[in-house]
>>> print(open('target.cif').read())   # mmCIF, C-alpha atoms and all ligand atoms
data_query
loop_
_atom_site.label_atom_id
_atom_site.label_comp_id
_atom_site.auth_asym_id
_atom_site.auth_seq_id
_atom_site.Cartn_x
_atom_site.Cartn_y
_atom_site.Cartn_z
CA MET A 1 -0.82 19.39 -16.27
CA TYR A 2 -1.24 17.55 -12.99
CA THR A 3 -0.30 18.68 -9.50
CA ILE A 4 1.09 15.99 -7.22
CA THR A 5 1.49 16.53 -3.48
CA LEU A 6 4.61 14.74 -2.26
CA LEU A 7 4.73 13.59 1.36
CA PRO A 8 8.16 11.98 1.79
CA GLY A 9 7.67 11.41 5.53
CA ASP A 10 10.18 9.60 7.73
CA GLY A 11 12.91 6.95 7.63
CA ILE A 12 13.45 5.73 4.06
CA GLY A 13 10.47 7.87 2.92
CA PRO A 14 12.56 10.75 1.48
CA GLU A 15 14.87 8.33 -0.38
CA ILE A 16 12.12 6.31 -2.06
CA VAL A 17 10.04 9.39 -2.92
CA ALA A 18 13.15 10.98 -4.51
CA GLY A 19 13.44 7.79 -6.59
CA ALA A 20 9.80 8.06 -7.65
CA VAL A 21 10.32 11.72 -8.60
CA GLN A 22 13.19 10.67 -10.90
CA VAL A 23 10.74 8.34 -12.63
CA LEU A 24 8.02 11.03 -12.77
CA LYS A 25 10.51 13.23 -14.62
CA ALA A 26 11.15 10.43 -17.09
CA VAL A 27 7.37 10.00 -17.53
CA GLN A 28 7.11 13.71 -18.37
CA GLU A 29 9.65 13.34 -21.16
CA ARG A 30 8.33 10.04 -22.44
CA ALA A 31 4.62 10.92 -22.41
CA GLY A 32 4.80 14.68 -22.99
CA VAL A 33 2.77 15.39 -19.87
CA GLN A 34 3.58 17.99 -17.23
CA PHE A 35 3.66 17.35 -13.50
CA VAL A 36 3.96 20.02 -10.86
CA THR A 37 5.15 18.59 -7.55
CA ARG A 38 4.70 20.25 -4.17
CA GLU A 39 6.34 18.78 -1.11
CA ALA A 40 4.88 19.01 2.39
CA LEU A 41 5.76 18.01 5.94
CA PHE A 42 3.97 14.88 7.15
CA GLY A 43 4.51 12.42 9.99
CA GLY A 44 7.32 12.45 12.53
CA CYS A 45 9.32 15.08 10.65
CA ALA A 46 6.26 17.37 10.68
CA TYR A 47 5.86 16.85 14.40
CA ASP A 48 9.51 17.73 14.98
CA ALA A 49 9.25 20.89 12.88
CA THR A 50 5.80 22.14 13.95
CA GLY A 51 4.52 20.07 16.89
CA ASP A 52 1.79 18.64 14.61
CA PRO A 53 2.25 15.44 12.55
CA PHE A 54 -0.35 16.61 10.00
CA PRO A 55 -0.13 20.42 9.82
CA GLU A 56 -3.01 22.40 8.31
CA GLU A 57 -0.75 23.63 5.54
CA THR A 58 -0.13 20.00 4.50
CA GLN A 59 -3.84 19.17 4.64
CA LYS A 60 -4.56 22.14 2.38
CA LEU A 61 -1.91 21.13 -0.17
CA CYS A 62 -3.25 17.55 -0.25
CA LEU A 63 -6.78 18.79 -0.96
CA GLU A 64 -5.62 21.23 -3.64
CA GLY A 65 -3.59 18.79 -5.76
CA ASP A 66 -4.70 16.07 -8.18
CA ALA A 67 -3.05 13.17 -6.31
CA VAL A 68 -0.90 12.48 -3.25
CA LEU A 69 2.30 10.40 -3.27
CA LEU A 70 3.39 9.28 0.19
CA GLY A 71 6.65 7.63 1.29
CA ALA A 72 6.15 6.29 4.81
CA VAL A 73 5.86 7.63 8.33
CA GLY A 74 6.85 6.62 11.83
CA GLY A 75 9.88 5.48 13.72
CA PRO A 76 10.99 4.62 17.24
CA GLN A 77 11.67 8.23 18.20
CA TRP A 78 7.94 9.04 17.93
CA ASP A 79 6.57 5.83 19.44
CA ASN A 80 6.03 7.25 22.92
CA LEU A 81 4.29 10.48 22.00
CA ALA A 82 0.69 11.14 23.01
CA VAL A 83 -1.50 9.01 20.74
CA GLU A 84 -2.83 11.92 18.64
CA LYS A 85 0.72 13.18 17.96
CA ARG A 86 1.99 9.83 16.69
CA PRO A 87 2.70 9.78 12.93
CA GLU A 88 0.47 6.76 12.33
CA ILE A 89 -2.60 7.87 14.29
CA GLY A 90 -2.09 11.63 14.07
CA ALA A 91 -1.19 11.80 10.38
CA LEU A 92 -1.59 8.65 8.27
CA LEU A 93 -5.08 7.61 9.37
CA PRO A 94 -6.45 11.19 9.26
CA LEU A 95 -4.98 11.62 5.74
CA ARG A 96 -6.79 8.51 4.49
CA LYS A 97 -10.01 9.75 6.12
CA LEU A 98 -9.57 13.29 4.78
CA LEU A 99 -9.24 12.01 1.22
CA GLY A 100 -12.13 9.55 1.63
CA ALA A 101 -9.75 6.82 0.47
CA PHE A 102 -11.85 3.83 1.54
CA ALA A 103 -10.60 1.32 -1.04
CA ASN A 104 -6.95 0.32 -0.75
CA LEU A 105 -5.70 -1.68 -3.75
CA ARG A 106 -2.60 -3.73 -3.01
CA PRO A 107 -1.51 -5.85 -5.98
CA SER A 108 0.89 -8.74 -5.46
CA THR A 109 2.48 -9.36 -8.83
CA VAL A 110 5.52 -11.53 -9.31
CA PHE A 111 7.96 -10.24 -11.92
CA SER A 112 9.33 -13.30 -13.70
CA ALA A 113 12.92 -12.18 -13.05
CA LEU A 114 12.13 -12.40 -9.31
CA ALA A 115 10.39 -15.79 -9.25
CA ASP A 116 13.45 -17.21 -7.48
CA ALA A 117 13.79 -14.25 -5.09
CA SER A 118 10.80 -15.31 -3.02
CA THR A 119 11.36 -17.48 0.02
CA LEU A 120 8.74 -19.82 -1.50
CA LYS A 121 9.41 -22.23 -4.36
CA ARG A 122 9.42 -20.79 -7.89
CA GLU A 123 6.44 -22.90 -9.02
CA VAL A 124 4.31 -21.62 -6.14
CA VAL A 125 4.78 -17.95 -7.01
CA ASP A 126 5.77 -17.70 -10.68
CA GLY A 127 3.09 -15.79 -12.62
CA LEU A 128 1.24 -14.74 -9.45
CA ASP A 129 -1.14 -11.80 -9.89
CA ILE A 130 -3.50 -11.16 -6.99
CA MET A 131 -5.18 -7.99 -5.83
CA VAL A 132 -5.98 -7.36 -2.19
CA VAL A 133 -8.79 -4.82 -1.79
CA ARG A 134 -8.51 -3.62 1.76
CA GLU A 135 -11.18 -1.45 3.38
CA LEU A 136 -9.19 1.55 4.62
CA THR A 137 -11.27 4.07 6.52
CA GLY A 138 -13.29 1.93 8.92
CA GLY A 139 -13.15 -1.06 11.23
CA ILE A 140 -11.04 -1.42 14.33
CA TYR A 141 -8.62 1.32 13.17
CA PHE A 142 -11.31 3.96 13.47
CA GLY A 143 -13.64 2.60 16.17
CA ALA A 144 -13.62 3.89 19.76
CA LYS A 145 -10.38 3.35 21.67
CA TYR A 146 -10.10 3.87 25.38
CA ARG A 147 -8.89 2.51 28.67
CA GLU A 148 -10.64 2.25 31.98
CA THR A 149 -9.64 1.10 35.42
CA LEU A 150 -11.88 -1.65 36.73
CA PRO A 151 -13.11 -1.76 40.35
CA ASP A 152 -10.61 -4.57 41.04
CA GLY A 153 -7.73 -2.31 39.92
CA ASN A 154 -7.11 -4.02 36.61
CA VAL A 155 -6.86 -1.79 33.56
CA LYS A 156 -9.07 -2.57 30.57
CA ALA A 157 -8.21 -1.42 27.01
CA VAL A 158 -10.90 -1.33 24.35
CA ASP A 159 -10.71 -1.11 20.52
CA VAL A 160 -14.06 -1.31 18.77
CA MET A 161 -14.44 -2.95 15.36
CA GLU A 162 -17.49 -1.61 13.59
CA TYR A 163 -18.81 -1.53 10.04
CA SER A 164 -21.99 -0.23 8.45
CA THR A 165 -23.69 -1.77 5.42
CA GLY A 166 -22.82 1.33 3.35
CA GLU A 167 -19.12 1.11 4.21
CA ILE A 168 -19.06 -2.55 3.20
CA GLU A 169 -21.04 -2.15 0.00
CA ARG A 170 -18.96 0.69 -1.48
CA VAL A 171 -15.64 -1.14 -1.11
CA ALA A 172 -17.20 -4.42 -2.27
CA ARG A 173 -18.28 -2.69 -5.48
CA VAL A 174 -14.67 -1.70 -6.10
CA ALA A 175 -13.63 -5.36 -5.70
CA PHE A 176 -16.37 -6.69 -8.02
CA ASP A 177 -15.61 -4.04 -10.67
CA LEU A 178 -11.90 -4.92 -10.55
CA ALA A 179 -12.63 -8.66 -10.79
CA ARG A 180 -14.63 -8.03 -13.97
CA LYS A 181 -11.52 -6.62 -15.62
CA ARG A 182 -9.30 -9.40 -14.22
CA ASN A 183 -10.07 -13.09 -13.74
CA GLY A 184 -13.67 -12.74 -12.57
CA LYS A 185 -13.19 -14.00 -9.01
CA VAL A 186 -13.70 -12.28 -5.64
CA THR A 187 -12.79 -13.98 -2.37
CA LEU A 188 -14.22 -12.34 0.73
CA VAL A 189 -11.86 -12.87 3.66
CA ASP A 190 -13.43 -12.62 7.10
CA LYS A 191 -13.86 -14.20 10.53
CA ALA A 192 -17.59 -14.84 10.26
CA ASN A 193 -17.38 -17.80 12.63
CA VAL A 194 -16.66 -15.35 15.47
CA LEU A 195 -17.21 -11.70 14.57
CA GLU A 196 -20.60 -10.01 14.16
CA SER A 197 -19.06 -7.44 11.81
CA SER A 198 -17.78 -10.29 9.60
CA ARG A 199 -21.27 -11.78 9.46
CA LEU A 200 -22.56 -8.42 8.20
CA TRP A 201 -19.78 -8.37 5.57
CA ARG A 202 -20.90 -11.80 4.33
CA GLU A 203 -24.56 -10.76 4.11
CA VAL A 204 -23.87 -7.50 2.29
CA VAL A 205 -21.28 -8.91 -0.11
CA THR A 206 -23.34 -12.03 -0.91
CA SER A 207 -26.37 -9.93 -1.67
CA LEU A 208 -24.33 -7.53 -3.84
CA ALA A 209 -22.94 -10.48 -5.80
CA GLY A 210 -26.44 -10.77 -7.35
CA GLU A 211 -25.60 -7.64 -9.36
CA TYR A 212 -22.43 -9.29 -10.68
CA PRO A 213 -23.54 -12.67 -12.08
CA ASP A 214 -20.38 -12.78 -14.20
CA VAL A 215 -18.16 -12.67 -11.08
CA GLU A 216 -17.64 -15.74 -8.89
CA LEU A 217 -17.79 -15.00 -5.15
CA ASN A 218 -16.07 -17.24 -2.60
CA HIS A 219 -15.74 -16.94 1.17
CA ILE A 220 -12.77 -17.89 3.29
CA LEU A 221 -11.94 -17.47 6.97
CA VAL A 222 -8.92 -15.28 7.55
CA ASP A 223 -6.80 -17.88 9.36
CA ASN A 224 -7.24 -20.43 6.57
CA CYS A 225 -6.61 -17.63 4.07
CA ALA A 226 -3.19 -16.85 5.58
CA MET A 227 -2.27 -20.53 5.24
CA GLN A 228 -3.64 -20.78 1.67
CA LEU A 229 -1.64 -17.70 0.63
CA VAL A 230 1.54 -19.55 1.47
CA ARG A 231 0.33 -22.97 0.25
CA ASN A 232 -1.16 -22.01 -3.12
CA PRO A 233 -1.51 -18.26 -3.66
CA LYS A 234 -2.43 -18.60 -7.34
CA GLN A 235 -5.91 -19.84 -6.39
CA PHE A 236 -6.84 -16.19 -5.62
CA ASP A 237 -7.73 -13.27 -7.88
CA VAL A 238 -9.31 -10.34 -6.01
CA MET A 239 -9.26 -10.66 -2.22
CA LEU A 240 -11.72 -8.37 -0.45
CA THR A 241 -11.32 -7.78 3.26
CA GLU A 242 -11.68 -5.39 6.17
CA ASN A 243 -9.01 -2.95 7.31
CA MET A 244 -6.86 -4.92 9.76
CA PHE A 245 -7.07 -8.30 8.00
CA GLY A 246 -6.03 -6.50 4.78
CA ASP A 247 -3.07 -4.88 6.50
CA ILE A 248 -1.75 -8.22 7.72
CA LEU A 249 -2.51 -10.30 4.64
CA SER A 250 -0.97 -7.77 2.25
CA ASP A 251 2.37 -7.82 4.09
CA LEU A 252 2.22 -11.61 3.86
CA ALA A 253 1.34 -11.47 0.15
CA SER A 254 4.18 -9.02 -0.49
CA GLN A 255 6.80 -11.58 0.43
CA LEU A 256 5.49 -13.86 -2.35
CA THR A 257 6.85 -11.27 -4.80
CA GLY A 258 10.33 -11.40 -3.30
CA SER A 259 10.19 -8.40 -0.98
CA ILE A 260 7.85 -5.95 0.72
CA GLY A 261 9.91 -3.34 -1.16
CA MET A 262 8.09 -4.39 -4.35
CA LEU A 263 4.48 -3.75 -3.30
CA PRO A 264 2.67 -0.54 -4.31
CA SER A 265 -0.80 0.64 -3.39
CA ALA A 266 -3.56 2.96 -4.50
CA SER A 267 -6.12 4.29 -2.03
CA LEU A 268 -9.24 5.34 -3.87
CA GLY A 269 -12.78 6.46 -3.22
CA GLY A 270 -12.52 10.23 -2.96
CA LYS A 271 -11.74 12.90 -5.54
CA ILE A 272 -8.01 12.73 -4.86
CA GLY A 273 -6.17 9.41 -4.98
CA LEU A 274 -3.47 8.51 -2.45
CA TYR A 275 -0.52 6.40 -3.57
CA GLU A 276 2.03 4.76 -1.27
CA PRO A 277 4.17 1.65 -0.97
CA ILE A 278 2.67 -0.81 1.50
CA HIS A 279 5.82 -0.96 3.61
CA GLY A 280 6.82 1.34 6.43
CA SER A 281 9.67 3.72 7.11
CA ALA A 282 12.21 0.88 7.58
CA PRO A 283 14.27 2.68 10.25
CA ASP A 284 16.82 -0.16 10.17
CA ILE A 285 18.03 0.84 6.68
CA ALA A 286 17.11 4.55 6.55
CA GLY A 287 19.64 7.00 5.11
CA GLN A 288 21.83 4.27 3.61
CA ASN A 289 20.73 4.38 -0.06
CA GLN A 290 19.71 0.78 0.44
CA ALA A 291 15.90 0.81 0.29
CA ASN A 292 14.11 -0.65 -2.70
CA PRO A 293 12.30 2.22 -4.48
CA ILE A 294 10.28 -0.09 -6.76
CA ALA A 295 7.16 -0.20 -4.53
CA THR A 296 6.98 3.59 -4.69
CA ILE A 297 7.74 3.67 -8.42
CA LEU A 298 4.98 1.12 -9.06
CA SER A 299 2.71 3.35 -6.93
CA VAL A 300 3.42 6.10 -9.48
CA ALA A 301 2.27 3.67 -12.19
CA MET A 302 -0.96 3.14 -10.22
CA MET A 303 -1.36 6.93 -9.98
CA LEU A 304 -1.05 7.20 -13.76
CA ARG A 305 -3.63 4.44 -14.19
CA TYR A 306 -6.22 5.39 -11.57
CA SER A 307 -5.92 9.18 -11.15
CA PHE A 308 -4.68 10.40 -14.53
CA ASP A 309 -6.27 7.85 -16.88
CA MET A 310 -2.93 7.06 -18.52
CA PRO A 311 -3.01 3.23 -18.58
CA GLU A 312 -0.53 2.89 -21.44
CA THR A 313 2.04 5.06 -19.68
CA ALA A 314 1.44 3.14 -16.45
CA GLY A 315 2.22 -0.02 -18.40
CA LEU A 316 5.44 1.54 -19.69
CA VAL A 317 6.59 2.25 -16.13
CA GLU A 318 5.86 -1.37 -15.16
CA GLN A 319 7.71 -2.61 -18.24
CA ALA A 320 10.69 -0.40 -17.39
CA VAL A 321 10.80 -2.00 -13.93
CA ALA A 322 10.59 -5.47 -15.49
CA GLY A 323 13.32 -4.55 -17.98
CA VAL A 324 15.78 -3.39 -15.33
CA LEU A 325 15.09 -6.53 -13.27
CA ASN A 326 15.59 -8.67 -16.39
CA GLU A 327 19.00 -7.01 -16.84
CA GLY A 328 19.95 -8.34 -13.41
CA TYR A 329 19.91 -5.15 -11.32
CA ARG A 330 18.81 -5.68 -7.71
CA THR A 331 18.55 -3.71 -4.50
CA ALA A 332 19.80 -5.53 -1.38
CA ASP A 333 16.37 -6.90 -0.37
CA ILE A 334 15.97 -8.84 -3.66
CA MET A 335 19.67 -9.55 -4.24
CA GLN A 336 20.59 -13.03 -5.47
CA PRO A 337 23.87 -14.66 -6.48
CA GLY A 338 25.17 -13.51 -9.87
CA MET A 339 23.04 -10.35 -9.92
CA LYS A 340 24.24 -6.73 -9.86
CA GLN A 341 23.54 -4.95 -6.58
CA VAL A 342 22.62 -1.27 -6.77
CA GLY A 343 21.36 1.35 -4.33
CA THR A 344 18.06 3.25 -4.16
CA ARG A 345 19.19 6.14 -6.37
CA GLU A 346 20.83 3.91 -8.97
CA MET A 347 17.76 1.65 -9.25
CA ALA A 348 15.46 4.64 -9.77
CA GLU A 349 17.88 6.15 -12.30
CA LEU A 350 18.06 2.87 -14.28
CA ILE A 351 14.25 2.63 -14.40
CA GLY A 352 13.95 6.28 -15.50
CA VAL A 353 16.52 5.85 -18.27
CA ARG A 354 14.88 2.67 -19.51
CA LEU A 355 11.47 4.34 -19.52
CA LYS A 356 12.76 7.24 -21.62
CA LEU A 357 14.22 4.77 -24.15
CA SER A 358 11.01 2.69 -24.35
P1 LIG A 401 8.64 -1.75 7.71
O1 LIG A 401 7.77 -2.09 6.55
O2 LIG A 401 9.10 -0.36 7.82
O3 LIG A 401 9.92 -2.70 7.70
C1 LIG A 401 9.83 -4.12 7.80
C2 LIG A 401 11.10 -4.76 7.22
O4 LIG A 401 11.07 -4.62 5.80
C3 LIG A 401 12.38 -4.08 7.68
O5 LIG A 401 13.38 -5.04 7.82
C4 LIG A 401 12.72 -3.14 6.54
O6 LIG A 401 14.10 -2.85 6.39
C5 LIG A 401 12.20 -3.90 5.33
N1 LIG A 401 11.76 -2.97 4.28
C6 LIG A 401 10.64 -2.21 4.28
N2 LIG A 401 10.59 -1.46 3.17
C7 LIG A 401 11.68 -1.77 2.44
C8 LIG A 401 12.19 -1.32 1.19
N3 LIG A 401 11.55 -0.41 0.44
N4 LIG A 401 13.35 -1.84 0.74
C9 LIG A 401 14.00 -2.78 1.45
N5 LIG A 401 13.59 -3.24 2.65
C10 LIG A 401 12.43 -2.74 3.14
O7 LIG A 401 7.82 -2.20 9.02
P2 LIG A 401 8.14 -1.95 10.57
O8 LIG A 401 9.60 -2.11 10.83
O9 LIG A 401 7.18 -2.76 11.29
O10 LIG A 401 7.72 -0.43 10.83
C11 LIG A 401 8.65 0.65 10.90
C12 LIG A 401 7.87 1.95 11.07
O11 LIG A 401 7.09 2.22 9.90
C13 LIG A 401 6.87 1.91 12.24
O12 LIG A 401 6.93 3.17 12.87
C14 LIG A 401 5.53 1.73 11.56
O13 LIG A 401 4.47 2.25 12.30
C15 LIG A 401 5.74 2.49 10.29
N6 LIG A 401 4.89 2.07 9.16
C16 LIG A 401 4.43 3.07 8.35
C17 LIG A 401 3.71 2.74 7.23
C18 LIG A 401 3.23 3.85 6.34
O14 LIG A 401 3.67 4.97 6.48
N7 LIG A 401 2.35 3.58 5.41
C19 LIG A 401 3.49 1.40 6.89
C20 LIG A 401 3.99 0.41 7.75
C21 LIG A 401 4.70 0.75 8.88
C1 LIG A 402 0.15 0.28 6.29
C2 LIG A 402 0.63 0.52 7.70
C3 LIG A 402 -0.37 1.35 8.47
C4 LIG A 402 -1.68 0.57 8.53
C5 LIG A 402 0.06 1.77 9.89
C6 LIG A 402 1.39 2.45 9.89
C7 LIG A 402 -0.98 2.63 10.55
O1 LIG A 402 0.93 -0.67 8.34
O2 LIG A 402 -0.05 1.26 5.55
O3 LIG A 402 -0.01 -0.89 5.91
O4 LIG A 402 -1.83 -0.33 9.36
O5 LIG A 402 -2.55 0.86 7.72
MN MN A 403 0.84 -2.40 7.05
#
>>> encode(input="target.cif", output="C-alpha cells", more="lines below")
Ligand code: NAD
Ligand code: IPM
Ligand code: MN
Amino acid sequence: MYTITLLPGDGIGPEIVAGAVQVLKAVQERAGVQFVTREALFGGCAYDATGDPFPEETQKLCLEGDAVLLGAVGGPQWDNLAVEKRPEIGALLPLRKLLGAFANLRPSTVFSALADASTLKREVVDGLDIMVVRELTGGIYFGAKYRETLPDGNVKAVDVMEYSTGEIERVARVAFDLARKRNGKVTLVDKANVLESSRLWREVVTSLAGEYPDVELNHILVDNCAMQLVRNPKQFDVMLTENMFGDILSDLASQLTGSIGMLPSASLGGKIGLYEPIHGSAPDIAGQNQANPIATILSVAMMLRYSFDMPETAGLVEQAVAGVLNEGYRTADIMQPGMKQVGTREMAELIGVRLKLS
C-alpha cells in the first residue's frame, strides 16, 4: 500500500489531477496494488481558503505520504499578492525545498502517433527521446532577492545566482547515472563564457566525469543549445543544467513532442518524490474539460518507476497512452485533421480502460 498526497492546485490543476486519479485506479486493478490518496490545499486556492498558499496541514501531509502528485499553481488573480503569498514563491518553491527535490527529470519523448503534431518537421522529431535533468532547489530561484533605492533615485532589483560544489555534484551524479541506463551521453548546458557559477559547474562536472568513463560528457552554451534543440534535437541524450536554464529549455523541448501538455516530470533527491507536469495552470483553458491530462498521467508513470519501483507497470501506463494516441484520440492541443477530439475526462478514461485491458 502506498499513500499519495494529491495537490490539485489552481486553474486546470484539479481537472488533470482528476484524470491522473482515474488512471491510478486503473493501475490498482491492473497491478493489484493499493493506493491511498489524500488531497490537500496548495497554491492560490489554499491562499483563498486559509490566507497561506502552503498551509502547515498540507506540509504535514506531504511529509507523511510516500509521494506527492501536483497539478499546477498560480493564476492572474494571485499575481499581485505580497511575494511570499504568491503560489509560485510561497508554495511551489518551498515544497520542492521541503522535499529536498534537487533533481528534476523532464523527459521529452515523441510518441510516434504524434510525430506530425509537432510544429517541426516529422524527420526532426520522430523517435526523439531526451532527458533534461534540471537542478531544482538552487540557483537564481533561491538566491537573495531584494530591491534598493540608489542615491540618484533609481531603483535597483537584485536576484543572486549561486551554486556550491556539493549542489552541482549531487545533481550531476543523477545525470551520469541516468545516462548509463540510456545512450551514455551527458551534455552540460551552461553560460560559462559569462557566468562564474557556470564555470564552477564545468569544473565540478568535468572532474566528476572521471568516475564515469563509460559516459561521454559534452559542453554547450545555453544560447547555442536552444538553437540546436530546434535544429537537431536528436543529437542529445541527457541534458544537465541549472535551475532557470532547465526551466526554459524544457518548455522548448516540450513543443518537440507536440504539446507542453505531454511533458511529465519527477523531482527526486529526498525521501519523498514529487511528480508534476511541466506546464502551468493554463488559466486560458481552465474549467473547460479541454486540458491535456497526459503530462500528469505520464507523471504517474514516473512515480511508479522512481518512487514505487514498479517499472513494468510504469511501462504499461506509457503503452496505454501510446495505444490511445494510436487509435486517433486527441485533446485540442494535439488535434490534427482526421483525428477524434476528446476532452480531459474522456482522454483519462480511455487511457484507464486501455490499461485495465492490457
Ligand atoms: P502554462 O504552461 O500554464 O500555459 C502555457 C500555454 O500552454 C497556454 O496556452 C496553455 O493553455 C497551454 N497549456 C498548458 N498546459 C496545457 C495542457 N495540459 N493542455 C493543453 N494546453 C496546455 O504557462 P503560463 O500561461 O505562462 O502560466 C500560467 C500560470 O501557471 C502562471 O501563474 C504560472 O506562474 C503558473 N505556472 C505554474 C507551474 C507549476 O505549478 N508547476 C508551471 C508553470 C507555470
Ligand atoms: C515550472 C514552473 C515553475 C518554475 C514556476 C511556476 C515557479 O515554470 O515548474 O517549470 O519555474 O520552476
Ligand atoms: Mn516552467
>>> closest_atom_pairs(input="target.cif", of="chain A", to="ligand LIG 402 (chain A)", cutoff="6 Å", atoms="only C-alpha atoms and all ligand atoms", output="Markdown table")
| residue | atom | partner | partner_atom | distance |
| --- | --- | --- | --- | --- |
| A:Glu88 | CA | A:LIG402 | C7 | 4.7 |
| A:Asp247 | CA | A:LIG402 | O3 | 5.1 |
| A:Ile278 | CA | A:LIG402 | O3 | 5.2 |
>>> closest_residue(input="target.cif", among="A:Phe176, A:Trp201, A:Trp78, A:Tyr275", to="Gly139 of chain A", atoms="all atoms listed in the file")
A:Trp201
>>> residues_near_ligand(input="target.cif", ligand="ligand LIG 401 (chain A)", cutoff="9 Å", atoms="all atoms listed in the file", output="PyMOL selection string")
chain A and resi 9-13+16+43+70-79+87-88+92+247+251+259-263+276-286+290-296+331-334+344
>>> residues_around(input="target.cif", residues="Ile168 of chain A", least_positions_apart="3", cutoff="8 Å", atoms="all atoms listed in the file", output="number ranges by chain")
A: 135, 163-165, 171-172, 201, 204-205
>>> closest_residue(input="target.cif", among="A:Leu249, A:Val317, A:Ala226, A:Met335", to="ligand MN 403 (chain A)", atoms="all atoms listed in the file")
A:Leu249
>>> atom_distance(input="target.cif", atom1="atom CA of Val124 of chain A", atom2="atom CA of Gln228 of chain A")
11.2 Å
>>> residues_around(input="target.cif", residues="Ala101 of chain A", least_positions_apart="3", cutoff="6 Å", atoms="all atoms listed in the file", output="ChimeraX atom specification")
/A:96,267-270
>>> closest_residue(input="target.cif", among="A:Leu99, A:Cys45, A:Val222, A:Leu114", to="Glu64 of chain A", atoms="all atoms listed in the file")
A:Leu99
>>> residues_near_point(input="target.cif", point="(-5.8, -3.9, -3.2)", cutoff="7 Å", atoms="all atoms listed in the file", output="PyMOL selection string")
chain A and resi 104-107+131-134+265
>>> closest_residue(input="target.cif", among="A:Arg305, A:Gly166, A:Tyr141, A:Asp177", to="ligand MN 403 (chain A)", atoms="only C-alpha atoms and all ligand atoms")
A:Tyr141
>>> residues_near_point(input="target.cif", point="(3.9, -17.7, -6.1)", cutoff="10 Å", atoms="all atoms listed in the file", output="PyMOL selection string")
chain A and resi 108-110+115-116+118-130+229-234+253+255-258
>>> closest_residue(input="target.cif", among="A:Gln336, A:Val83, A:Ala320, A:Arg182", to="Glu349 of chain A", atoms="all atoms listed in the file")
A:Ala320
>>> closest_residue(input="target.cif", among="A:Met1, A:Val160, A:Ala117, A:Ile140", to="Arg330 of chain A", atoms="all atoms listed in the file")
A:Ala117
>>> atom_distance(input="target.cif", atom1="atom CA of Asn218 of chain A", atom2="atom CA of Ala103 of chain A")
19.4 Å
>>> axis_aligned_box(input="target.cif", around="segment 12-27 of chain A", padding_each_side="5 Å", output="JSON")
{"center_x": 11.1, "center_y": 9.5, "center_z": -6.7, "size_x": 17.5, "size_y": 17.5, "size_z": 31.6}
>>> atom_distance(input="target.cif", atom1="atom CA of Gly44 of chain A", atom2="atom CA of Lys25 of chain A")
27.3 Å
